[in-house]
Amino acid sequence: SDKSAPYPVGPKEMDWSKLYPAYYNAENKEMTNKVTIADIGCGYGGLLAELAPVFPKNLILGMEIRMQVTNYVEDRIIALRAQNSDSDINKDSKHYQNISVLRGNAMKFMNNFFEKGQLEKIFFMFPDPCFKKKKFKARIISNTLLSEYAHCLKEGGIIYTITDVEDLHIWMRTHLEQHPLFERLDEEWEKTDESCQIMINATEEGQKVERNKGSKWIACFRRLPNPEII
Ligand code: SAM
């Protein structure tokens, strides 16, 4: 449960320096970079580890509701940073200082952490399917939540979804298609987008589906500009 996780009142109150110490400028007491990539329900952190060297200039954040899983990811990141401690963040792409994890309920508190238009990419990878009808409200994608995600995502930013559950794929895809601020990207785009290709096998859940020869349903959407109010 998310009961004891601390939340900032708003994005300005959030102290990122502990999560990304290498990106904190102690002289002017400011972060040099902002979080621009979020992995919602990051599980054991496979995507974070894969994306870190590909986007060395982006800060990448995993959000995970389970405490033990979050602790595991924290340890994993500490180990990755220690193993690569001789790499220079200004020269090397493999320093792992740009990934971190936060325990929290992404369904409730996204806007407490991120300013309007802050994020470039949001990933929803193998989210919990919440099969029963009365559990649908617990699904991580809904009309209300999509408006919150749209708020945090910059124009042109991307929402990535992948699941092995066809029902859930249809649910996520349909909600995104019906939302006025998102447009679906086609299969050609999926094939050429590096993050999309990485996401297919990066996480522990994705690898499990692969071993079991399950299907993987992908849907990616671009954030459209807000309509002009006349
Ligand atoms: N994305 C990972 C992967 O592909 O391996 C994990 C997939 S797992 C099926 C779904 C994860 O989402 C779980 O670790 C769960 O604890 C987390 N989760 C569920 N609801 C959440 C919420 N509201 N906020 C943050 N994390 C959540």
# chains A, B, ... in the order shown; residues from 1 in each chain; ligands from 1
call {"tool": "select_by_dssp", "arguments": {"residues": "segment 26-222 of chain A", "states": "alpha helix (DSSP H)", "output": "short mmCIF file (atom, residue, chain, number, x, y, z; two decimals) with C-alpha atoms, in the first residue's frame"}}
result
data_model
loop_
_atom_site.label_atom_id
_atom_site.label_comp_id
_atom_site.auth_asym_id
_atom_site.auth_seq_id
_atom_site.Cartn_x
_atom_site.Cartn_y
_atom_site.Cartn_z
CA GLY A 46 14.66 -3.60 -15.86
CA LEU A 47 13.60 -0.69 -18.07
CA LEU A 48 15.48 1.86 -15.96
CA ALA A 49 18.71 -0.13 -16.28
CA GLU A 50 18.30 -0.47 -20.05
CA LEU A 51 17.37 3.16 -20.70
CA MET A 67 7.85 -1.09 -0.68
CA GLN A 68 9.92 -4.26 -0.97
CA VAL A 69 10.09 -3.98 -4.75
CA THR A 70 11.15 -0.33 -4.46
CA ASN A 71 13.89 -1.31 -1.98
CA TYR A 72 15.10 -3.95 -4.41
CA VAL A 73 15.33 -1.39 -7.23
CA GLU A 74 17.16 1.05 -4.95
CA ASP A 75 19.78 -1.62 -4.17
CA ARG A 76 20.03 -2.53 -7.84
CA ILE A 77 20.74 1.10 -8.78
CA ILE A 78 23.30 1.51 -5.97
CA ALA A 79 25.10 -1.60 -7.27
CA LEU A 80 25.01 -0.41 -10.89
CA ARG A 81 26.41 2.98 -9.87
CA ALA A 82 29.16 1.36 -7.78
CA GLN A 83 30.17 -1.03 -10.58
CA ALA A 106 1.19 7.04 -9.44
CA MET A 107 -2.61 7.06 -9.68
CA LYS A 108 -2.88 9.68 -6.99
CA PHE A 109 0.19 11.83 -6.95
CA MET A 110 1.71 12.32 -10.42
CA ASN A 111 1.01 16.05 -10.37
CA ASN A 112 2.68 16.43 -7.00
CA PHE A 113 5.98 15.41 -8.57
CA ASN A 143 -10.05 9.14 -18.65
CA THR A 144 -9.31 11.12 -15.52
CA LEU A 145 -5.81 9.75 -15.14
CA LEU A 146 -5.04 10.33 -18.82
CA SER A 147 -5.78 14.02 -18.35
CA GLU A 148 -3.28 14.05 -15.47
CA TYR A 149 -0.66 12.25 -17.53
CA ALA A 150 -1.34 14.69 -20.40
CA HIS A 151 -0.70 17.57 -18.00
CA CYS A 152 2.77 16.24 -17.06
CA GLU A 166 -5.39 -8.42 -24.89
CA ASP A 167 -8.37 -7.08 -22.92
CA LEU A 168 -6.18 -4.61 -21.11
CA HIS A 169 -4.52 -3.60 -24.39
CA ILE A 170 -7.93 -2.81 -25.88
CA TRP A 171 -8.86 -0.90 -22.72
CA MET A 172 -5.69 1.24 -22.73
CA ARG A 173 -5.74 1.77 -26.49
CA THR A 174 -9.40 2.75 -26.59
CA HIS A 175 -9.10 5.21 -23.71
CA LEU A 176 -6.07 6.81 -25.33
CA GLU A 177 -7.70 6.91 -28.78
CA GLN A 178 -10.78 8.60 -27.37
CA GLU A 187 3.69 0.18 -36.41
CA GLU A 188 6.33 1.75 -38.65
CA TRP A 189 7.00 4.31 -35.94
CA GLU A 190 7.18 1.55 -33.31
CA LYS A 191 9.82 -0.28 -35.36
CA THR A 192 12.07 2.76 -35.67
CA GLU A 194 14.57 2.98 -29.99
CA SER A 195 12.68 3.20 -26.68
CA CYS A 196 9.81 1.18 -28.09
CA GLN A 197 12.17 -1.58 -29.20
CA ILE A 198 13.95 -1.56 -25.82
CA MET A 199 10.66 -1.76 -23.92
CA ILE A 200 9.64 -5.03 -25.60
CA ASN A 201 12.18 -7.11 -23.66
CA ALA A 202 13.63 -4.80 -21.02
CA GLU A 204 11.27 -8.78 -15.84
CA GLU A 205 7.60 -9.15 -16.77
CA GLY A 206 8.38 -8.81 -20.49
CA GLN A 207 11.05 -11.51 -20.21
CA LYS A 208 8.61 -13.82 -18.43
CA VAL A 209 6.06 -13.37 -21.21
CA GLU A 210 8.83 -14.08 -23.74
CA ARG A 211 9.78 -17.34 -21.98
#
call {"tool": "residues_around", "arguments": {"residues": "segment 93-103 of chain A", "least_positions_apart": "4", "cutoff": "8 Å", "atoms": "only C-alpha atoms", "output": "number ranges by chain"}}
result
A: 2, 5, 19-23, 48-49, 52-67, 70, 73-74, 77, 80-81, 84-85, 87-89
call {"tool": "residues_around", "arguments": {"residues": "Phe182 of chain A", "least_positions_apart": "3", "cutoff": "6 Å", "atoms": "only C-alpha atoms", "output": "list in words"}}
result
His179, Phe221, Arg222, Arg223 and Leu224 of chain A
call {"tool": "write_last_selection", "arguments": {"atoms": "C-alpha atoms", "output": "PDB file, in the first residue's frame"}}
result
ATOM      1  CA  HIS A 179      -8.814  11.187 -25.453  1.00  0.00           C
ATOM      2  CA  PHE A 221       0.615   7.679 -28.388  1.00  0.00           C
ATOM      3  CA  ARG A 222       1.876  11.189 -29.017  1.00  0.00           C
ATOM      4  CA  ARG A 223       0.746  14.084 -26.839  1.00  0.00           C
ATOM      5  CA  LEU A 224      -1.050  16.636 -29.021  1.00  0.00           C
TER       6      LEU A 224
END
call {"tool": "closest_residue", "arguments": {"among": "A:Ala26, A:Ile159, A:Val165, A:Ile37", "to": "ligand 1", "atoms": "only C-alpha atoms and all ligand atoms"}}
result
A:Val165
call {"tool": "select_by_dssp", "arguments": {"residues": "segment 24-129 of chain A", "states": "strand (DSSP E or B)", "output": "short mmCIF file (atom, residue, chain, number, x, y, z; two decimals) with N, CA, C and O atoms, in the first residue's frame"}}
result
data_model
loop_
_atom_site.label_atom_id
_atom_site.label_comp_id
_atom_site.auth_asym_id
_atom_site.auth_seq_id
_atom_site.Cartn_x
_atom_site.Cartn_y
_atom_site.Cartn_z
N TYR A 24 23.16 17.36 -8.81
CA TYR A 24 22.84 18.47 -7.90
C TYR A 24 24.03 19.42 -7.85
O TYR A 24 25.15 19.00 -7.60
N ASN A 25 23.74 20.70 -8.10
CA ASN A 25 24.78 21.71 -8.01
C ASN A 25 24.70 22.34 -6.61
O ASN A 25 23.80 23.11 -6.32
N GLU A 30 20.72 23.92 -6.83
CA GLU A 30 19.72 23.55 -7.84
C GLU A 30 20.12 22.29 -8.57
O GLU A 30 21.31 21.99 -8.70
N MET A 31 19.12 21.59 -9.05
CA MET A 31 19.38 20.43 -9.90
C MET A 31 19.82 20.94 -11.28
O MET A 31 19.29 21.94 -11.76
N VAL A 35 13.77 15.40 -14.20
CA VAL A 35 13.24 14.10 -14.64
C VAL A 35 12.41 14.35 -15.90
O VAL A 35 11.52 15.20 -15.91
N THR A 36 12.72 13.59 -16.95
CA THR A 36 11.95 13.74 -18.19
C THR A 36 11.35 12.41 -18.67
O THR A 36 10.58 12.38 -19.62
N ILE A 37 11.75 11.31 -18.00
CA ILE A 37 11.22 10.00 -18.39
C ILE A 37 10.69 9.30 -17.14
O ILE A 37 11.40 9.24 -16.13
N ALA A 38 9.45 8.80 -17.19
CA ALA A 38 8.88 8.11 -16.03
C ALA A 38 8.41 6.72 -16.42
O ALA A 38 7.78 6.54 -17.47
N ASP A 39 8.75 5.75 -15.57
CA ASP A 39 8.28 4.37 -15.76
C ASP A 39 7.31 4.08 -14.62
O ASP A 39 7.72 3.94 -13.46
N ILE A 40 6.03 4.01 -14.96
CA ILE A 40 4.99 3.89 -13.94
C ILE A 40 4.75 2.41 -13.62
O ILE A 40 4.41 1.63 -14.50
N LEU A 59 17.05 12.49 -16.86
CA LEU A 59 16.84 11.81 -15.59
C LEU A 59 15.61 10.93 -15.75
O LEU A 59 14.57 11.37 -16.26
N ILE A 60 15.75 9.68 -15.32
CA ILE A 60 14.71 8.67 -15.54
C ILE A 60 14.23 8.17 -14.19
O ILE A 60 15.06 7.80 -13.34
N LEU A 61 12.91 8.18 -13.98
CA LEU A 61 12.38 7.81 -12.67
C LEU A 61 11.41 6.63 -12.77
O LEU A 61 10.48 6.65 -13.58
N GLY A 62 11.63 5.63 -11.92
CA GLY A 62 10.66 4.55 -11.77
C GLY A 62 9.74 4.88 -10.61
O GLY A 62 10.21 5.35 -9.56
N MET A 63 8.43 4.68 -10.78
CA MET A 63 7.49 4.85 -9.66
C MET A 63 6.89 3.49 -9.38
O MET A 63 6.41 2.81 -10.30
N GLU A 64 6.95 3.10 -8.12
CA GLU A 64 6.51 1.75 -7.76
C GLU A 64 5.80 1.81 -6.40
O GLU A 64 6.30 2.44 -5.47
N ILE A 99 19.35 7.34 -13.21
CA ILE A 99 18.11 6.59 -12.92
C ILE A 99 17.88 6.55 -11.41
O ILE A 99 18.83 6.51 -10.62
N SER A 100 16.61 6.55 -11.05
CA SER A 100 16.27 6.44 -9.64
C SER A 100 14.85 5.90 -9.50
O SER A 100 14.14 5.75 -10.50
N VAL A 101 14.48 5.61 -8.27
CA VAL A 101 13.15 5.03 -8.04
C VAL A 101 12.49 5.69 -6.84
O VAL A 101 13.17 6.11 -5.90
N LEU A 102 11.19 5.81 -6.91
CA LEU A 102 10.40 6.43 -5.85
C LEU A 102 9.25 5.53 -5.51
O LEU A 102 8.59 5.00 -6.41
N ARG A 103 8.99 5.38 -4.21
CA ARG A 103 7.81 4.60 -3.85
C ARG A 103 6.61 5.54 -3.80
O ARG A 103 6.67 6.60 -3.16
N LEU A 119 7.53 16.04 -18.63
CA LEU A 119 7.97 14.71 -19.08
C LEU A 119 8.00 14.60 -20.60
O LEU A 119 7.16 15.17 -21.30
N GLU A 120 8.97 13.83 -21.10
CA GLU A 120 9.04 13.54 -22.54
C GLU A 120 8.48 12.15 -22.86
O GLU A 120 8.00 11.91 -23.96
N LYS A 121 8.59 11.24 -21.90
CA LYS A 121 8.12 9.87 -22.13
C LYS A 121 7.54 9.33 -20.83
O LYS A 121 8.13 9.51 -19.77
N ILE A 122 6.40 8.64 -20.96
CA ILE A 122 5.84 7.91 -19.82
C ILE A 122 5.60 6.47 -20.27
O ILE A 122 4.98 6.25 -21.32
N PHE A 123 6.11 5.52 -19.49
CA PHE A 123 5.96 4.10 -19.83
C PHE A 123 4.97 3.42 -18.90
O PHE A 123 5.04 3.61 -17.68
N PHE A 124 4.09 2.62 -19.48
CA PHE A 124 3.20 1.73 -18.71
C PHE A 124 3.47 0.33 -19.22
O PHE A 124 2.96 -0.07 -20.27
N MET A 125 4.29 -0.40 -18.50
CA MET A 125 4.71 -1.69 -19.02
C MET A 125 4.13 -2.83 -18.20
O MET A 125 4.36 -2.93 -17.00
#
call {"tool": "atom_distance", "arguments": {"atom1": "atom 17 (C, counted along the ligand's line) of ligand 1", "atom2": "atom CA of Lys154 of chain A"}}
result
23.8 Å
call {"tool": "atom_distance", "arguments": {"atom1": "atom CA of Ile140 of chain A", "atom2": "atom CA of Trp16 of chain A"}}
result
24.3 Å
